[in-house]
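**Student:** Have a look at this one before I ask anything.
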Amino acid sequence: MQGVFGTQLRGMVLCAGMSSRLKDLGAELPKPLLPVCNHPLASYALSLLRGFGITEIGINLFHLGELIAETLGSGADYGVDIRYSQETELLGTGGGIRRMADFLTHGGREPCFVVNGKILIDVDLEAVLAMHRITGAAATLVLAETADADQWGAIEVDGDGRIHRMLGESSPTPPPKGLLRCMFTGVHIVEPSILDRLPKSGQSCIVRQGYLPALREGEVLTAYVTPGYFFEHSTPARYLQGNINALRGVARLPHLPGPLVGVSARAQISPRAVIRPPVCIGAGAVVEDGAVVGPDVVLGEGAHVERGVHIERSVVFAGVYVRQSTRDAIVTRRASYSGVAGPTSG
């Protein structure tokens with residue numbers, strides 16, 4: 001995907017959050033590494049960008065950042081080249097992007113794509129870029145229409161894609177009637193002029209210190225309202241439901257890091273075990289006699305389900321030995337987070 005100067009546009013995947021809404025689960029793994037059908041969340045963002053030809057990607061790190069760098073490595077496994085930015089203090093969405101601005105924008109000459117590392121989304125980035133260029137916007141945000149937009153920080157947009165209100169603040173132009181009320185998905189294309197508004201160092205928010213001042217001053221901010229799948233995984237309940245959505249085919253994504261369902265040929269499944277699809281069972285997983293796995297179960301690589309254990313609607317992390325029956329749970333090396341239930345849409 002080329003910019004106006006013929007250079008390849010670059011992207012960024014935001015991975016520096018504290019994962020605080022995940023509580024104890026977030027202390028074990030940073031949110032971008034939580035496996036969805038045995039692929040780290042961040043790998044879906046990498047696959048999305050790679051699917052549209054964006055192969056030079058920045059990733060910012062803070063909470064358990066060394067695990068993210070160790071897992072994703074150079075990016076070669078995903079067909080991309082990753083440049084990391086290790087933050088010594090949490091810089092926020094604005095500060096994290098601003099710190100990598102020179103790389104992301106080719107020295108201020110091109111816009112860049114930004115994708116949140118906690119989401120799964122089906123969006124046509126070529127269409128987003130086309131809208132961005134046609135409107136001459138300072139930024140184009142990918143939005144999802146939702147009935148509970150206020151819960152997420154409502155963004156109001158007209159039928160032509162012009163953003164008129166954001167987080168309760170308005171542009172100086174009187175808005176038309178019948179605005180769509182949407183939530184921000186965490187995918188956007190940003191011009192260098194927006195990044196120039198942010199402090200050169202320290203913490204900042206791309207929305208509050210970049211987009212809101214631009215909106216108040218009458219700059220054009222546009223929205224691409226995606227009709228495709230979108231889900232974010234900020235809480236244990238949402239994380240579990242995101243896995244179930246992927247298993248059931250609700251998450252229809254054209255650009256994937258790998259298969260979402262099935263049993264690895266290298267798994268060891270007893271002929272006296274019962275597998276009830278949909279499931280995703282990783283390489284080296286063991287399911288003993290009389291065990292029942294599924295529906296809606298993900299077993300990580302090397303996970304082991306003991307004889308007679310029943311598992312339903314659960315995610316079992318790699319290498320975990322399951323000795324007790326479980327439902328609606330996330331089972332890790334440290335704990336079993338049980339009784340987890342969440343919404344079915346994002």
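The way I read the labels, and the way they are meant: chains A, B, ... in the order of the structure tokens, residue 1 as the first residue of every chain, and ligand 1 as the first ligand shown, with later ones counted on from there.
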Tell me which protein, DNA and RNA residues are within 10 Å of Pro295 in chain A, counting only C-alpha atoms, leaving out same-chain ones fewer than 2 positions away, and put them as a list of chain:residue names.

**Tutor:**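 Surrounding residues, per the criterion: A:Ile244, A:Leu247, A:Arg248, A:Ile275, A:Arg276, A:Pro277, A:Pro278, A:Val279, A:Cys280, A:Val292, A:Val293, A:Val297, A:Val298, A:Ile311, A:Glu312, A:Arg313, A:Ser314.
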
**Student:** May I have the residues from that selection written out with N, CA, C and O atoms, as a compact mmCIF listing (two decimals), in the first residue's frame?

**Tutor:**
# COMPACT_ATOMS: atom_id res chain seq x y z
N ILE A 244 -14.88 -17.87 21.46
CA ILE A 244 -16.07 -18.59 21.02
C ILE A 244 -16.57 -18.04 19.69
O ILE A 244 -16.98 -18.80 18.79
N LEU A 247 -14.39 -19.53 17.05
CA LEU A 247 -14.68 -20.95 16.85
C LEU A 247 -15.97 -21.16 16.05
O LEU A 247 -16.06 -22.06 15.20
N ARG A 248 -16.96 -20.34 16.31
CA ARG A 248 -18.27 -20.53 15.69
C ARG A 248 -18.37 -19.91 14.30
O ARG A 248 -19.41 -20.01 13.64
N ILE A 275 -14.91 -35.61 21.14
CA ILE A 275 -14.64 -34.23 20.71
C ILE A 275 -15.91 -33.68 20.09
O ILE A 275 -16.43 -34.23 19.11
N ARG A 276 -16.43 -32.60 20.65
CA ARG A 276 -17.67 -31.99 20.17
C ARG A 276 -17.35 -30.63 19.57
O ARG A 276 -17.09 -29.66 20.29
N PRO A 277 -17.34 -30.51 18.25
CA PRO A 277 -17.01 -29.25 17.59
C PRO A 277 -18.04 -28.16 17.94
O PRO A 277 -19.17 -28.48 18.33
N PRO A 278 -17.59 -26.89 17.80
CA PRO A 278 -16.29 -26.46 17.29
C PRO A 278 -15.22 -26.46 18.39
O PRO A 278 -15.49 -26.08 19.52
N VAL A 279 -14.03 -26.88 18.00
CA VAL A 279 -12.88 -26.85 18.89
C VAL A 279 -11.65 -26.42 18.10
O VAL A 279 -11.62 -26.51 16.87
N CYS A 280 -10.65 -25.97 18.84
CA CYS A 280 -9.32 -25.73 18.28
C CYS A 280 -8.34 -26.40 19.23
O CYS A 280 -8.19 -25.97 20.39
N VAL A 292 -14.33 -35.46 27.57
CA VAL A 292 -15.23 -34.83 26.62
C VAL A 292 -14.76 -33.39 26.44
O VAL A 292 -14.72 -32.61 27.41
N VAL A 293 -14.41 -33.04 25.22
CA VAL A 293 -13.90 -31.70 24.92
C VAL A 293 -14.82 -31.03 23.91
O VAL A 293 -15.00 -31.51 22.80
N VAL A 297 -14.32 -25.02 22.69
CA VAL A 297 -13.12 -25.20 23.51
C VAL A 297 -11.86 -24.97 22.69
O VAL A 297 -11.76 -25.44 21.55
N VAL A 298 -10.92 -24.26 23.28
CA VAL A 298 -9.58 -24.10 22.71
C VAL A 298 -8.59 -24.77 23.67
O VAL A 298 -8.56 -24.43 24.86
N ILE A 311 -14.85 -30.63 29.38
CA ILE A 311 -14.54 -29.20 29.20
C ILE A 311 -15.48 -28.64 28.15
O ILE A 311 -15.63 -29.21 27.06
N GLU A 312 -16.11 -27.50 28.46
CA GLU A 312 -17.02 -26.84 27.53
C GLU A 312 -16.87 -25.34 27.67
O GLU A 312 -16.63 -24.82 28.77
N ARG A 313 -16.96 -24.62 26.57
CA ARG A 313 -16.89 -23.15 26.56
C ARG A 313 -15.71 -22.65 27.40
O ARG A 313 -15.86 -21.86 28.32
N SER A 314 -14.53 -23.09 27.03
CA SER A 314 -13.34 -22.73 27.81
C SER A 314 -12.12 -22.60 26.92
O SER A 314 -12.06 -23.19 25.84

**Student:** Write down as a PyMOL selection string the residues belonging to range 69-300 of chain A that are assigned alpha helix (DSSP H) by DSSP computed on the backbone.

**Tutor:** chain A and resi 69-72+92-99+101-104+125-135+149-152+192-196+212-216+236-248

**Student:** Only N, CA and C atoms, please: the residues just picked out, written as a compact mmCIF listing (two decimals), in the first residue's frame.

**Tutor:**
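result-v9.txt, freshly written:
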# COMPACT_ATOMS: atom_id res chain seq x y z
N ALA A 69 7.97 -9.12 22.70
CA ALA A 69 9.08 -9.15 21.75
C ALA A 69 9.60 -10.57 21.53
N GLU A 70 9.64 -11.35 22.61
CA GLU A 70 10.10 -12.73 22.49
C GLU A 70 9.15 -13.56 21.64
N THR A 71 7.84 -13.34 21.80
CA THR A 71 6.85 -14.13 21.08
C THR A 71 6.76 -13.74 19.61
N LEU A 72 6.70 -12.45 19.33
CA LEU A 72 6.53 -11.99 17.95
C LEU A 72 7.85 -11.93 17.19
N GLY A 92 0.89 6.21 26.76
CA GLY A 92 -0.46 6.39 26.24
C GLY A 92 -0.50 6.24 24.74
N THR A 93 -1.72 6.28 24.18
CA THR A 93 -1.86 6.08 22.74
C THR A 93 -1.17 7.16 21.93
N GLY A 94 -1.28 8.40 22.40
CA GLY A 94 -0.62 9.49 21.68
C GLY A 94 0.88 9.46 21.83
N GLY A 95 1.35 9.33 23.07
CA GLY A 95 2.79 9.34 23.32
C GLY A 95 3.50 8.18 22.65
N GLY A 96 2.85 7.01 22.65
CA GLY A 96 3.46 5.85 22.01
C GLY A 96 3.64 6.03 20.52
N ILE A 97 2.61 6.58 19.86
CA ILE A 97 2.69 6.83 18.42
C ILE A 97 3.69 7.96 18.14
N ARG A 98 3.62 9.02 18.95
CA ARG A 98 4.50 10.18 18.73
C ARG A 98 5.97 9.77 18.82
N ARG A 99 6.28 8.85 19.72
CA ARG A 99 7.67 8.41 19.90
C ARG A 99 8.20 7.71 18.64
N ALA A 101 6.95 8.44 15.55
CA ALA A 101 6.38 9.22 14.44
C ALA A 101 7.31 9.33 13.24
N ASP A 102 8.58 9.55 13.49
CA ASP A 102 9.51 9.73 12.35
C ASP A 102 9.57 8.46 11.50
N PHE A 103 9.63 7.31 12.15
CA PHE A 103 9.62 6.04 11.43
C PHE A 103 8.29 5.82 10.73
N LEU A 104 7.19 6.01 11.45
CA LEU A 104 5.87 5.69 10.91
C LEU A 104 5.48 6.55 9.72
N LEU A 125 -8.80 -2.02 4.47
CA LEU A 125 -7.90 -0.88 4.66
C LEU A 125 -7.70 -0.09 3.38
N GLU A 126 -7.83 -0.73 2.23
CA GLU A 126 -7.76 0.01 0.96
C GLU A 126 -8.91 1.01 0.87
N ALA A 127 -10.10 0.60 1.30
CA ALA A 127 -11.25 1.50 1.28
C ALA A 127 -11.07 2.63 2.27
N VAL A 128 -10.49 2.31 3.43
CA VAL A 128 -10.22 3.35 4.43
C VAL A 128 -9.26 4.39 3.86
N LEU A 129 -8.20 3.91 3.22
CA LEU A 129 -7.22 4.84 2.64
C LEU A 129 -7.84 5.65 1.51
N ALA A 130 -8.68 5.04 0.70
CA ALA A 130 -9.33 5.77 -0.40
C ALA A 130 -10.21 6.89 0.16
N MET A 131 -11.00 6.59 1.19
CA MET A 131 -11.82 7.64 1.80
C MET A 131 -10.94 8.75 2.37
N HIS A 132 -9.87 8.35 3.01
CA HIS A 132 -8.96 9.32 3.62
C HIS A 132 -8.41 10.28 2.57
N ARG A 133 -8.02 9.75 1.43
CA ARG A 133 -7.44 10.59 0.38
C ARG A 133 -8.49 11.48 -0.27
N ILE A 134 -9.67 10.94 -0.52
CA ILE A 134 -10.73 11.71 -1.18
C ILE A 134 -11.17 12.89 -0.33
N THR A 135 -11.29 12.67 0.98
CA THR A 135 -11.78 13.72 1.87
C THR A 135 -10.69 14.69 2.31
N ALA A 149 -23.15 3.12 22.29
CA ALA A 149 -21.98 3.93 21.94
C ALA A 149 -21.47 4.76 23.11
N ASP A 150 -22.38 5.24 23.95
CA ASP A 150 -21.95 6.07 25.08
C ASP A 150 -21.02 5.32 26.02
N GLN A 151 -21.23 4.02 26.16
CA GLN A 151 -20.38 3.21 27.04
C GLN A 151 -18.94 3.22 26.56
N TRP A 152 -18.74 3.37 25.26
CA TRP A 152 -17.41 3.29 24.67
C TRP A 152 -16.84 4.67 24.31
N PRO A 192 0.62 13.19 9.59
CA PRO A 192 1.64 13.78 10.46
C PRO A 192 1.18 15.03 11.19
N SER A 193 0.24 15.79 10.59
CA SER A 193 -0.23 17.02 11.24
C SER A 193 -0.90 16.76 12.58
N ILE A 194 -1.57 15.60 12.69
CA ILE A 194 -2.18 15.23 13.97
C ILE A 194 -1.09 14.89 14.99
N LEU A 195 -0.09 14.15 14.55
CA LEU A 195 0.98 13.77 15.46
C LEU A 195 1.78 14.98 15.91
N ASP A 196 1.85 15.99 15.06
CA ASP A 196 2.56 17.22 15.44
C ASP A 196 1.85 17.97 16.58
N LEU A 212 -9.48 15.71 19.32
CA LEU A 212 -10.44 16.69 19.83
C LEU A 212 -10.02 18.13 19.50
N PRO A 213 -8.76 18.53 19.71
CA PRO A 213 -8.39 19.89 19.30
C PRO A 213 -8.59 20.12 17.80
N ALA A 214 -8.26 19.12 16.98
CA ALA A 214 -8.46 19.26 15.54
C ALA A 214 -9.94 19.42 15.21
N LEU A 215 -10.80 18.66 15.86
CA LEU A 215 -12.25 18.76 15.64
C LEU A 215 -12.76 20.13 16.02
N ARG A 216 -12.34 20.64 17.18
CA ARG A 216 -12.79 21.95 17.65
C ARG A 216 -12.37 23.06 16.69
N PRO A 236 -11.88 -10.55 31.00
CA PRO A 236 -11.90 -12.00 30.85
C PRO A 236 -13.14 -12.51 30.13
N ALA A 237 -14.31 -11.93 30.44
CA ALA A 237 -15.53 -12.38 29.78
C ALA A 237 -15.49 -12.11 28.29
N ARG A 238 -15.03 -10.93 27.91
CA ARG A 238 -14.96 -10.60 26.48
C ARG A 238 -13.89 -11.45 25.79
N TYR A 239 -12.81 -11.72 26.48
CA TYR A 239 -11.77 -12.56 25.89
C TYR A 239 -12.29 -13.97 25.60
N LEU A 240 -12.98 -14.56 26.56
CA LEU A 240 -13.55 -15.89 26.33
C LEU A 240 -14.55 -15.85 25.19
N GLN A 241 -15.43 -14.84 25.19
CA GLN A 241 -16.43 -14.76 24.12
C GLN A 241 -15.77 -14.54 22.76
N GLY A 242 -14.67 -13.81 22.71
CA GLY A 242 -13.96 -13.62 21.45
C GLY A 242 -13.46 -14.93 20.87
N ASN A 243 -12.98 -15.82 21.74
CA ASN A 243 -12.57 -17.15 21.28
C ASN A 243 -13.76 -17.93 20.74
N ILE A 244 -14.88 -17.87 21.46
CA ILE A 244 -16.07 -18.59 21.02
C ILE A 244 -16.57 -18.04 19.69
N ASN A 245 -16.55 -16.72 19.53
CA ASN A 245 -16.94 -16.13 18.25
C ASN A 245 -16.08 -16.66 17.11
N ALA A 246 -14.78 -16.76 17.36
CA ALA A 246 -13.88 -17.26 16.33
C ALA A 246 -14.15 -18.74 16.02
N LEU A 247 -14.39 -19.53 17.05
CA LEU A 247 -14.68 -20.95 16.85
C LEU A 247 -15.97 -21.16 16.05
N ARG A 248 -16.96 -20.34 16.31
CA ARG A 248 -18.27 -20.53 15.69
C ARG A 248 -18.37 -19.91 14.30

**Student:** Looking at A:Gly218, A:Gly262, A:Gly290, A:Pro30, which one is nearest to His233 in chain A, with distances taken over only C-alpha atoms?

**Tutor:** A:Pro30

**Student:** So which residues touch range 109-113 of chain A within 7 Å, counting only C-alpha atoms, skipping near sequence neighbours fewer than 6 positions away, as a PyMOL selection string?

**Tutor:** chain A and resi 3+9-12+188-192

**Student:** A:Pro174, A:Ala16, A:Ser47, A:Val309: which is nearest Ser85 in chain A, counting only C-alpha atoms?

**Tutor:**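 Residue with the minimum atom-to-atom distance to Ser85 in chain A: A:Ala16.
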
**Student:** Can you pull out the residues contacting Val316 in chain A? Cut-off 8 Å, using only C-alpha atoms, and skip same-chain residues under 3 positions away; I want them as a tab-separated table (two decimals) with N, CA, C and O atoms, in the first residue's frame.

**Tutor:**
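Contents of the output file out_34.tsv:
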chain	number	residue	atom	x	y	z
A	297	VAL	N	-14.32	-25.02	22.69
A	297	VAL	CA	-13.12	-25.20	23.51
A	297	VAL	C	-11.86	-24.97	22.69
A	297	VAL	O	-11.76	-25.44	21.55
A	298	VAL	N	-10.92	-24.26	23.28
A	298	VAL	CA	-9.58	-24.10	22.71
A	298	VAL	C	-8.59	-24.77	23.67
A	298	VAL	O	-8.56	-24.43	24.86
A	299	LEU	N	-7.82	-25.71	23.15
A	299	LEU	CA	-6.73	-26.32	23.91
A	299	LEU	C	-5.41	-25.86	23.30
A	299	LEU	O	-5.16	-26.08	22.11
A	300	GLY	N	-4.57	-25.24	24.09
A	300	GLY	CA	-3.28	-24.78	23.60
A	300	GLY	C	-2.32	-25.92	23.34
A	300	GLY	O	-2.57	-27.08	23.70
A	303	ALA	N	-1.37	-28.86	25.89
A	303	ALA	CA	-2.35	-28.97	26.98
A	303	ALA	C	-2.73	-30.44	27.16
A	303	ALA	O	-2.67	-31.24	26.22
A	320	VAL	N	-0.95	-26.59	29.86
A	320	VAL	CA	-1.70	-26.70	31.11
A	320	VAL	C	-2.32	-28.10	31.23
A	320	VAL	O	-2.89	-28.63	30.28
A	330	ILE	N	-11.32	-19.86	31.81
A	330	ILE	CA	-10.01	-19.66	31.20
A	330	ILE	C	-9.02	-20.33	32.13
A	330	ILE	O	-8.90	-19.94	33.30
A	331	VAL	N	-8.33	-21.35	31.64
A	331	VAL	CA	-7.46	-22.16	32.48
A	331	VAL	C	-6.01	-21.89	32.09
A	331	VAL	O	-5.61	-22.15	30.95
A	332	THR	N	-5.23	-21.36	33.02
A	332	THR	CA	-3.84	-21.01	32.75
A	332	THR	C	-2.93	-21.82	33.67
A	332	THR	O	-3.39	-22.61	34.49

**Student:** To test your reading of the structure, identify every residue in range 172-261 of chain A that backbone DSSP assigns to strand (DSSP E), and report it as a VMD selection string.

**Tutor:** chain A and resid 180 to 190 221 to 225 230 to 232

**Student:** Mind giving me the straight-line distance from CA of Glu87 in chain A to CA of Asn60 in chain A in Å, one decimal?

**Tutor:** 6.9 Å

**Student:** Can you tell me which residues surround Thr55 in chain A at a distance of at most 6 Å, considering only C-alpha atoms, apart from same-chain residues fewer than 5 positions away, and format the answer as a PyMOL selection string?

**Tutor:** chain A and resi 50+80-81

**Student:** Just the residues within 9 Å of Gly178 in chain A, please, counting only C-alpha atoms, with nothing from its chain fewer than 5 positions along; format it as a PyMOL selection string.

**Tutor:** chain A and resi 157-159

**Student:** Restricting the output to C-alpha atoms, write the selected residues as an mmCIF file, in the first residue's frame.

**Tutor:**
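Printed below is selection.cif as written:
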data_model
loop_
_atom_site.group_PDB
_atom_site.id
_atom_site.type_symbol
_atom_site.label_atom_id
_atom_site.label_comp_id
_atom_site.auth_asym_id
_atom_site.auth_seq_id
_atom_site.Cartn_x
_atom_site.Cartn_y
_atom_site.Cartn_z
ATOM 1 C CA VAL A 157 -20.818 10.910 12.105
ATOM 2 C CA ASP A 158 -22.967 11.998 9.156
ATOM 3 C CA GLY A 159 -23.880 9.974 6.082
#

**Student:** Leaving out Pro257 in chain A and any residue of its chain fewer than 6 positions from it, which residues lie within 9 Å of it when counting only C-alpha atoms, given as a list in words?

**Tutor:**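 Listing them by chain and then by number gives His39, Pro40, Ser43, Tyr44, Leu46, Ser47, Leu48 and Tyr78 of chain A.
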
**Student:** Go through A:Thr326, A:Thr222, A:Gln209, A:Gln8 one by one, measure the shortest atom-to-atom distance of each to Ala139 in chain A using only C-alpha atoms, and give the residue with the smallest value.

**Tutor:**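 Closest candidate: A:Thr222.
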
**Student:** Please report the interatomic distance between CA of Arg197 in chain A and CA of Met166 in chain A in Å with one decimal.

**Tutor:**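 These two atoms are separated by 17.3 Å.
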
**Student:** Could you check the closest approach to Met1 in chain A for each of A:Asp77, A:Asp289, A:Glu66, A:Glu56 and tell me which residue wins, using only C-alpha atoms?

**Tutor:** A:Glu56
